[in-house]
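> Sharing a structure below in structure tokens format, with a few things to ask.
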Amino acid sequence: MENTKHIDTIVLDKTGTITNGRPEVTEFVVAEGFERARIVSLAAAAESQSEHPVATAITAYGDDGKLSVESFEAIPGHGIRAIVDGSNLLIGTRKLLNESKVSFNETEASELESQGKTVMFIAVEGKYAGLIAVADTVKDSSATAISEMKKLGLHVVMLTGDQERTAQAIAAQVGIDEVFAGVLPTEKANVVAKLKAEGRRVAMAGDGLNDAPALATADVGMAMGTGTAVAMEAADITLMQGDLMRAVDAIQLSRLTVRNIKQNLFWALAYNAVGIPIAAAGFLAPWLAGAAMAFSSVSVVLNALRLQRAKLTKF
């Protein structure tokens with residue numbers, strides 16, 4: 001709580017922190033020459049092997065038709081590679097398809113990303129088969145919380161593995177100016193370390209398993225109460241709700257607590273600085289000195305108890 005008072009920058013993970021973390025498929029576009037039902041079933045079957053929120057949305061969207069998944073490989077930050085019902089399948093980012101030398105429809109993908117949607121590309125047997133657009137809605141309180149953080153003098157940064165266009169669209173919705181997009185899970189801690197190297201005092205708010213290293217690297221790590229146990233273990237503060245307004249509360253409460261501590265120290269020292277010389281000179285009866293000392297302790301406790309009446313920002 002004492003360290004939280006000194007932060008000047010707060011880094012927010014996008015999925016599950018700024019957004020609800022429950023993405024839904026909004027578009028499933030199948031390329032010409034492929035059967036839609038077949039591609040949807042292949043994608044649903046392959047993604048059923050992944051625990052990523054986007055994978056859950058794709059699985060929920062399609063009927064896998066009980067297709068057998070013969071092999072599966074998750075490529076962190078890029079997508080998946082699988083063999084489903086005898087078909088070699090790639091589902092992931094443009095970087096994954098570029099590395100596999102698969103050409104795709106860039107124009108359509110860019111348009112969807114500009115709307116704040118995450119786009120995943122599909123390739124079957126090395127040929128472009130379509131794309132999936134997934135949208136994750138922003139939490140109702142996120143824009144207000146970020147506005148309050150700015151009022152507290154904090155520089156707010158968003159961190160996400162999404163493409164630049166998608167990230168900028170979400171950032172614009174909530175009022176964030178600085179965005180680190182396309183960040184791999186293993187690179188999140190590096191971004192936090194970079195900000196610290198610039199002389200900033202950094203807090204990090206996240207909820208996922210892959211946020212844990214960044215939470216541990218930050219000067220103050222804040223785990224969302226709706227997140228994973230690993231994130232909570234790595235963080236310094238666990239927010240009891242999955243609401244960014246609770247992060248604002250933690251920062252405000254930290255500043256009020258430190259101010260209260262300083263007030264108590266000042267008055268306790270001032271009180272003793274006046275009282276001890278008088279007592280030492282013999283001008284203060286022992287019983288009166290004892291009563292004065294007790295009153296000093298009570299006044300410190302009463303001042304500290306004022307924190308219970310602190311008016312925190314509500315949404």
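Chain lettering (A, B, ...) mirrors the order of the structure tokens, residue numbering begins at 1 for each chain separately, and ligand numbering begins at 1 in order of display.
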Taking a cut-off of 10 Å and counting only C-alpha atoms, can you build a table that, for each residue of region 154-179 of chain A near region 13-33 of chain A, reports the nearest atom pair and how far apart they are in Å (one decimal), sorted by chain then residue number, as a tab-separated table?

residue	atom	partner	partner_atom	distance
A:Val157	CA	A:Asp13	CA	8.6
A:Met158	CA	A:Asp13	CA	5.9
A:Leu159	CA	A:Asp13	CA	4.8
A:Thr160	CA	A:Lys14	CA	5.6
A:Gly161	CA	A:Lys14	CA	8.6
A:Asp162	CA	A:Lys14	CA	9.0
A:Ala167	CA	A:Lys14	CA	8.5
A:Ile170	CA	A:Lys14	CA	8.5
A:Ala171	CA	A:Lys14	CA	9.0
A:Val174	CA	A:Ile18	CA	8.4
> Determine, counting only C-alpha atoms, which protein, DNA and RNA residues have an atom within 10 Å of an atom of Gly77 (chain A); residues of the same chain fewer than 6 positions away are not included. Present the result as a list in words.
Gly92, Thr93, Lys95, Leu96, Thr160, Gly161, Asp162, Gly182, Val183, Leu184, Pro185, Thr186 and Glu187 of chain A
> What does the distance from CA of Thr118 (chain A) to CA of Gly130 (chain A) come to in Å, to one decimal?
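If I compute the distance from CA of Thr118 (chain A) to CA of Gly130 (chain A), I get 14.0 Å.
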> Do a neighbour search on region 232-234 of chain A at 6 Å with only C-alpha atoms, toss out local chain neighbours closer than 3 positions, and write the hits as a list in words.
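My list of contacting residues is Ala212, Ala216, Ala223, Ala229 and Thr238 of chain A.
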> Would you kindly return, as a list in words, each protein, DNA or RNA residue with an atom no farther than 8 Å from any atom of Phe72 (chain A), considering only C-alpha atoms and excluding same-chain residues fewer than 5 positions away?
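These residues fall inside the cut-off: Ala46, Gln49, Ile80, Arg81, Ala82 and Ile83 of chain A.
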> Those residues you just picked out, can you put them in a file as an mmCIF file, in the first residue's frame with C-alpha atoms?

data_model
loop_
_atom_site.group_PDB
_atom_site.id
_atom_site.type_symbol
_atom_site.label_atom_id
_atom_site.label_comp_id
_atom_site.auth_asym_id
_atom_site.auth_seq_id
_atom_site.Cartn_x
_atom_site.Cartn_y
_atom_site.Cartn_z
ATOM 1 C CA ALA A 46 -9.091 -27.805 -33.309
ATOM 2 C CA GLN A 49 -8.009 -28.345 -27.448
ATOM 3 C CA ILE A 80 -2.437 -23.184 -33.261
ATOM 4 C CA ARG A 81 -1.329 -25.935 -35.614
ATOM 5 C CA ALA A 82 -3.389 -29.145 -35.741
ATOM 6 C CA ILE A 83 -4.362 -32.175 -37.756
#
> Find, counting only C-alpha atoms, the residue in A:Ser147, A:Ser48, A:Ser114, A:Gln252 that gets nearest to Thr4 (chain A).
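Closest candidate: A:Gln252.
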> Please measure the separation of CA of Leu195 (chain A) and CA of Ala145 (chain A), giving the value in Å to one decimal.
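One can read the CA of Leu195 (chain A) to CA of Ala145 (chain A) distance as 21.5 Å.
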> Could you please determine the separation between CA of Ile58 (chain A) and CA of Gly206 (chain A) in Å, to one decimal place?
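Separating CA of Ile58 (chain A) from CA of Gly206 (chain A) is a distance of 23.3 Å.
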